[in-house]
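K.L.:
Below is the structure I would like to discuss, written out as structure tokens.
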Amino acid sequence: MRLVFLGFGTVGQGLAELLIEKKAELARKYGFKPTVVGIADMLKGNVYNPNGINLQIALAYAKAGKSLNKLTGKSIDGDALAFIKQAKADVLLEATYTDIKTGEPATKHCRAALNAGMHVVTTNKGPVALNYPALQRLAGRKKKKFLFEGTVVSGTPMINLIRTTLAGSAITEIKGILNGTTNYILTKMEEGMTYDAALTKAQKLGYAEAVPDADVLGWDALAKVTILAGVFFGAKAKPFDYSCKGITKITPQMITKAKKAGKRFKLIGRVWLKDGKVKASVGPQQVPMTHPLAGVSGATNAVTVTTDTLGDVTVVGPGAGRVETGYSMLIDLLHIGGVL
Ligand code: HSE
């Protein structure tokens, strides 16, 4: 399986680290032996080598701020689309920045790769939140897979869990803490840290989006809610069609007051069915301390899926982070490889 990375930031590097670390194990257990033939990044340059790129060296270059163009292979002139057209690969790993207002340029990248006969794995919420039906149809026509486990709660199973492990169940509600940065900030504010200090720390730890507004205004959770609504409930709505409030208006005083009343603020994303219609929202809620979601602290995410077969199924796990999101791409690759 020949792989091309588009975007070699936190997520791409997280996957690269896993591919190095787990190389022997993946080969032995699953016969899974991918070759990275291309890496392109808006800021770090690009390299294409059909014989395979030494990932360890590529990672060292990326970390040292050295241009990827200097790696063994050829660099391709032009933009990401030119790179996709010229690189011969089986899978595009799309991990460029998320824009949930336009879904671009990532949607164009996914389309170009599918049209070129590649499977696509993406962690980018934009294309899925805004263009899922069209991309899924295109993938179907091309007999390729379009997978995006990492778009919702990172590598913690959610998309694949509902799609495969819970197959045959009717889902009536999906609800939970879908954003790690805001949960981290709320947790730290309750411990006495200022909002700004907590946000800076979340950014340093690699939880926050490139533009943290997307986290604190609720847009990141909104994109995830829109993805869940579209993929599992067939909703056609776009992110900003749903009600969305972030955490910027939550003050330390409000947190203290809630605490005294035995409650805790959580940013809750929710998709549910009401009279056959799909509803969705994102907003801060005061959750009783006795509620399971109140105990979920830091950057951890927790999602409860309500099913007709098992009742509530709750998954708790990391919703952000370098290796965690990198892992989401690895599990999608193993599905594409058909080795599970
Ligand atoms: N910034 C996001 C979060 C990362 O904090 O949850 C994954 O979307």
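By convention here, the chains of the structure tokens are called A, B, ... in the order presented, each chain's residues are numbered starting at 1, and ligands are numbered starting at 1 in the order presented.
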To test your reading of the structure, identify every residue in range 204-266 of chain A that backbone DSSP assigns to strand (DSSP E or B), and report it as a list of chain:residue names.
P.N.:
A:Ser243, A:Cys244, A:Lys263, A:Arg264, A:Phe265, A:Lys266
K.L.:
Could you write out that same residue set with all heavy atoms as a PDB file, in the first residue's frame?
P.N.:
ATOM      1  N   SER A 243     -27.789  25.166  16.306  1.00  0.00           N
ATOM      2  CA  SER A 243     -27.493  26.136  17.362  1.00  0.00           C
ATOM      3  C   SER A 243     -26.135  25.812  17.980  1.00  0.00           C
ATOM      4  O   SER A 243     -25.816  24.649  18.246  1.00  0.00           O
ATOM      5  CB  SER A 243     -28.638  26.064  18.383  1.00  0.00           C
ATOM      6  OG  SER A 243     -28.145  26.118  19.673  1.00  0.00           O
ATOM      7  N   CYS A 244     -25.320  26.843  18.181  1.00  0.00           N
ATOM      8  CA  CYS A 244     -23.958  26.610  18.690  1.00  0.00           C
ATOM      9  C   CYS A 244     -23.520  27.727  19.632  1.00  0.00           C
ATOM     10  O   CYS A 244     -23.512  28.897  19.248  1.00  0.00           O
ATOM     11  CB  CYS A 244     -22.989  26.525  17.513  1.00  0.00           C
ATOM     12  SG  CYS A 244     -21.269  26.342  18.034  1.00  0.00           S
ATOM     13  N   LYS A 263     -22.922  21.194  40.630  1.00  0.00           N
ATOM     14  CA  LYS A 263     -22.915  21.027  39.166  1.00  0.00           C
ATOM     15  C   LYS A 263     -21.581  21.444  38.568  1.00  0.00           C
ATOM     16  O   LYS A 263     -20.795  22.111  39.225  1.00  0.00           O
ATOM     17  CB  LYS A 263     -24.041  21.856  38.556  1.00  0.00           C
ATOM     18  CG  LYS A 263     -25.398  21.297  38.924  1.00  0.00           C
ATOM     19  CD  LYS A 263     -26.490  22.080  38.301  1.00  0.00           C
ATOM     20  CE  LYS A 263     -27.815  21.443  38.674  1.00  0.00           C
ATOM     21  NZ  LYS A 263     -28.936  22.264  38.335  1.00  0.00           N
ATOM     22  N   ARG A 264     -21.397  21.075  37.321  1.00  0.00           N
ATOM     23  CA  ARG A 264     -20.136  21.367  36.635  1.00  0.00           C
ATOM     24  C   ARG A 264     -20.460  21.725  35.178  1.00  0.00           C
ATOM     25  O   ARG A 264     -21.265  21.030  34.546  1.00  0.00           O
ATOM     26  CB  ARG A 264     -19.283  20.101  36.705  1.00  0.00           C
ATOM     27  CG  ARG A 264     -17.912  20.231  36.161  1.00  0.00           C
ATOM     28  CD  ARG A 264     -17.081  19.024  36.546  1.00  0.00           C
ATOM     29  NE  ARG A 264     -16.394  19.203  37.826  1.00  0.00           N
ATOM     30  CZ  ARG A 264     -15.935  18.203  38.576  1.00  0.00           C
ATOM     31  NH1 ARG A 264     -16.106  16.959  38.201  1.00  0.00           N
ATOM     32  NH2 ARG A 264     -15.310  18.451  39.707  1.00  0.00           N
ATOM     33  N   PHE A 265     -19.820  22.779  34.675  1.00  0.00           N
ATOM     34  CA  PHE A 265     -20.046  23.153  33.265  1.00  0.00           C
ATOM     35  C   PHE A 265     -19.334  22.189  32.323  1.00  0.00           C
ATOM     36  O   PHE A 265     -18.157  21.876  32.518  1.00  0.00           O
ATOM     37  CB  PHE A 265     -19.535  24.575  33.001  1.00  0.00           C
ATOM     38  CG  PHE A 265     -20.547  25.632  33.311  1.00  0.00           C
ATOM     39  CD1 PHE A 265     -20.490  26.333  34.518  1.00  0.00           C
ATOM     40  CD2 PHE A 265     -21.569  25.919  32.421  1.00  0.00           C
ATOM     41  CE1 PHE A 265     -21.429  27.306  34.819  1.00  0.00           C
ATOM     42  CE2 PHE A 265     -22.519  26.895  32.709  1.00  0.00           C
ATOM     43  CZ  PHE A 265     -22.446  27.587  33.911  1.00  0.00           C
ATOM     44  N   LYS A 266     -20.044  21.741  31.311  1.00  0.00           N
ATOM     45  CA  LYS A 266     -19.463  20.925  30.243  1.00  0.00           C
ATOM     46  C   LYS A 266     -20.003  21.450  28.913  1.00  0.00           C
ATOM     47  O   LYS A 266     -21.180  21.850  28.829  1.00  0.00           O
ATOM     48  CB  LYS A 266     -19.893  19.457  30.398  1.00  0.00           C
ATOM     49  CG  LYS A 266     -19.310  18.776  31.632  1.00  0.00           C
ATOM     50  CD  LYS A 266     -17.828  18.534  31.454  1.00  0.00           C
ATOM     51  CE  LYS A 266     -17.166  18.036  32.715  1.00  0.00           C
ATOM     52  NZ  LYS A 266     -15.699  18.152  32.652  1.00  0.00           N
TER      53      LYS A 266
END
K.L.:
Using DSSP on the backbone coordinates, identify the residues of range 8-156 of chain A assigned to alpha helix (DSSP H); present them as a PyMOL selection string.
P.N.:
chain A and resi 10-21+23-30+55-64+80-86+106-115+125-141
K.L.:
Given a cut-off of 7 Å, what residues near ligand 1 show up using only C-alpha atoms and all ligand atoms, put as a list of chain:residue names?
P.N.:
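Counting only C-alpha atoms and all ligand atoms, the residues within 7 Å of ligand 1 come out as A:Thr151, A:Val152, A:Val153, A:Ser154, A:Leu178, A:Asn179, A:Gly180, A:Thr181, A:Thr182, A:Tyr207, A:Ala208, A:Glu209, A:Asp215, A:Asp220, A:Ala299, A:Gly319, A:Ala320.
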K.L.:
For the selection just defined, write its residues with N, CA, C and O atoms to a file, as a PDB file, in the first residue's frame.
P.N.:
ATOM      1  N   THR A 151     -12.000  12.408  12.545  1.00  0.00           N
ATOM      2  CA  THR A 151     -12.708  13.690  12.572  1.00  0.00           C
ATOM      3  C   THR A 151     -13.552  13.862  13.835  1.00  0.00           C
ATOM      4  O   THR A 151     -13.902  14.970  14.196  1.00  0.00           O
ATOM      5  N   VAL A 152     -13.915  12.761  14.478  1.00  0.00           N
ATOM      6  CA  VAL A 152     -14.749  12.842  15.683  1.00  0.00           C
ATOM      7  C   VAL A 152     -14.059  12.076  16.811  1.00  0.00           C
ATOM      8  O   VAL A 152     -13.799  10.884  16.677  1.00  0.00           O
ATOM      9  N   VAL A 153     -13.775  12.760  17.885  1.00  0.00           N
ATOM     10  CA  VAL A 153     -13.030  12.247  19.044  1.00  0.00           C
ATOM     11  C   VAL A 153     -11.737  11.499  18.675  1.00  0.00           C
ATOM     12  O   VAL A 153     -11.364  10.531  19.336  1.00  0.00           O
ATOM     13  N   SER A 154     -11.093  11.981  17.632  1.00  0.00           N
ATOM     14  CA  SER A 154      -9.749  11.515  17.283  1.00  0.00           C
ATOM     15  C   SER A 154      -9.689   9.995  17.122  1.00  0.00           C
ATOM     16  O   SER A 154     -10.570   9.411  16.502  1.00  0.00           O
ATOM     17  N   LEU A 178     -17.366  16.594  23.173  1.00  0.00           N
ATOM     18  CA  LEU A 178     -16.743  16.324  21.874  1.00  0.00           C
ATOM     19  C   LEU A 178     -15.503  17.173  21.619  1.00  0.00           C
ATOM     20  O   LEU A 178     -14.893  17.055  20.562  1.00  0.00           O
ATOM     21  N   ASN A 179     -15.186  18.057  22.561  1.00  0.00           N
ATOM     22  CA  ASN A 179     -14.025  18.920  22.344  1.00  0.00           C
ATOM     23  C   ASN A 179     -13.100  18.890  23.559  1.00  0.00           C
ATOM     24  O   ASN A 179     -13.514  19.234  24.673  1.00  0.00           O
ATOM     25  N   GLY A 180     -11.876  18.460  23.321  1.00  0.00           N
ATOM     26  CA  GLY A 180     -10.905  18.302  24.408  1.00  0.00           C
ATOM     27  C   GLY A 180     -10.412  19.627  24.962  1.00  0.00           C
ATOM     28  O   GLY A 180     -10.251  19.784  26.172  1.00  0.00           O
ATOM     29  N   THR A 181     -10.162  20.579  24.058  1.00  0.00           N
ATOM     30  CA  THR A 181      -9.612  21.869  24.492  1.00  0.00           C
ATOM     31  C   THR A 181     -10.533  22.556  25.495  1.00  0.00           C
ATOM     32  O   THR A 181     -10.093  23.010  26.553  1.00  0.00           O
ATOM     33  N   THR A 182     -11.812  22.626  25.158  1.00  0.00           N
ATOM     34  CA  THR A 182     -12.742  23.334  26.054  1.00  0.00           C
ATOM     35  C   THR A 182     -12.939  22.562  27.356  1.00  0.00           C
ATOM     36  O   THR A 182     -13.060  23.167  28.420  1.00  0.00           O
ATOM     37  N   TYR A 207      -3.692  20.120  21.771  1.00  0.00           N
ATOM     38  CA  TYR A 207      -5.122  19.803  21.726  1.00  0.00           C
ATOM     39  C   TYR A 207      -5.881  20.785  20.819  1.00  0.00           C
ATOM     40  O   TYR A 207      -6.796  20.404  20.119  1.00  0.00           O
ATOM     41  N   ALA A 208      -5.476  22.060  20.942  1.00  0.00           N
ATOM     42  CA  ALA A 208      -6.272  23.102  20.294  1.00  0.00           C
ATOM     43  C   ALA A 208      -6.105  23.079  18.777  1.00  0.00           C
ATOM     44  O   ALA A 208      -5.091  22.614  18.253  1.00  0.00           O
ATOM     45  N   GLU A 209      -7.112  23.580  18.088  1.00  0.00           N
ATOM     46  CA  GLU A 209      -7.033  23.752  16.635  1.00  0.00           C
ATOM     47  C   GLU A 209      -6.016  24.850  16.339  1.00  0.00           C
ATOM     48  O   GLU A 209      -5.669  25.644  17.220  1.00  0.00           O
ATOM     49  N   ASP A 215     -12.252  26.077  18.720  1.00  0.00           N
ATOM     50  CA  ASP A 215     -12.542  25.282  19.909  1.00  0.00           C
ATOM     51  C   ASP A 215     -13.459  26.054  20.851  1.00  0.00           C
ATOM     52  O   ASP A 215     -14.532  25.583  21.211  1.00  0.00           O
ATOM     53  N   ASP A 220     -15.624  23.586  16.580  1.00  0.00           N
ATOM     54  CA  ASP A 220     -15.036  22.249  16.398  1.00  0.00           C
ATOM     55  C   ASP A 220     -16.055  21.170  16.805  1.00  0.00           C
ATOM     56  O   ASP A 220     -16.288  20.210  16.059  1.00  0.00           O
ATOM     57  N   ALA A 299      -8.531  16.876  28.767  1.00  0.00           N
ATOM     58  CA  ALA A 299      -8.797  16.843  27.318  1.00  0.00           C
ATOM     59  C   ALA A 299      -9.560  15.592  26.894  1.00  0.00           C
ATOM     60  O   ALA A 299      -9.763  15.351  25.703  1.00  0.00           O
ATOM     61  N   GLY A 319      -9.611  12.795  22.861  1.00  0.00           N
ATOM     62  CA  GLY A 319     -10.281  13.389  21.705  1.00  0.00           C
ATOM     63  C   GLY A 319      -9.333  14.245  20.887  1.00  0.00           C
ATOM     64  O   GLY A 319      -9.740  14.893  19.929  1.00  0.00           O
ATOM     65  N   ALA A 320      -8.092  14.279  21.268  1.00  0.00           N
ATOM     66  CA  ALA A 320      -7.127  15.115  20.553  1.00  0.00           C
ATOM     67  C   ALA A 320      -5.730  14.612  20.877  1.00  0.00           C
ATOM     68  O   ALA A 320      -5.558  13.756  21.740  1.00  0.00           O
TER      69      ALA A 320
END
K.L.:
Choose the residue, out of A:Ile84, A:Leu18, A:Leu26, A:Leu273, that has the smallest atom-to-atom separation from Phe5 in chain A; count only C-alpha atoms.
P.N.:
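Of the candidates, the smallest distance to Phe5 in chain A is held by A:Ile84.
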K.L.:
Provide the CA of Thr122 in chain A to CA of Thr96 in chain A distance in Å, to one decimal place.
P.N.:
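So the answer is 8.7 Å.
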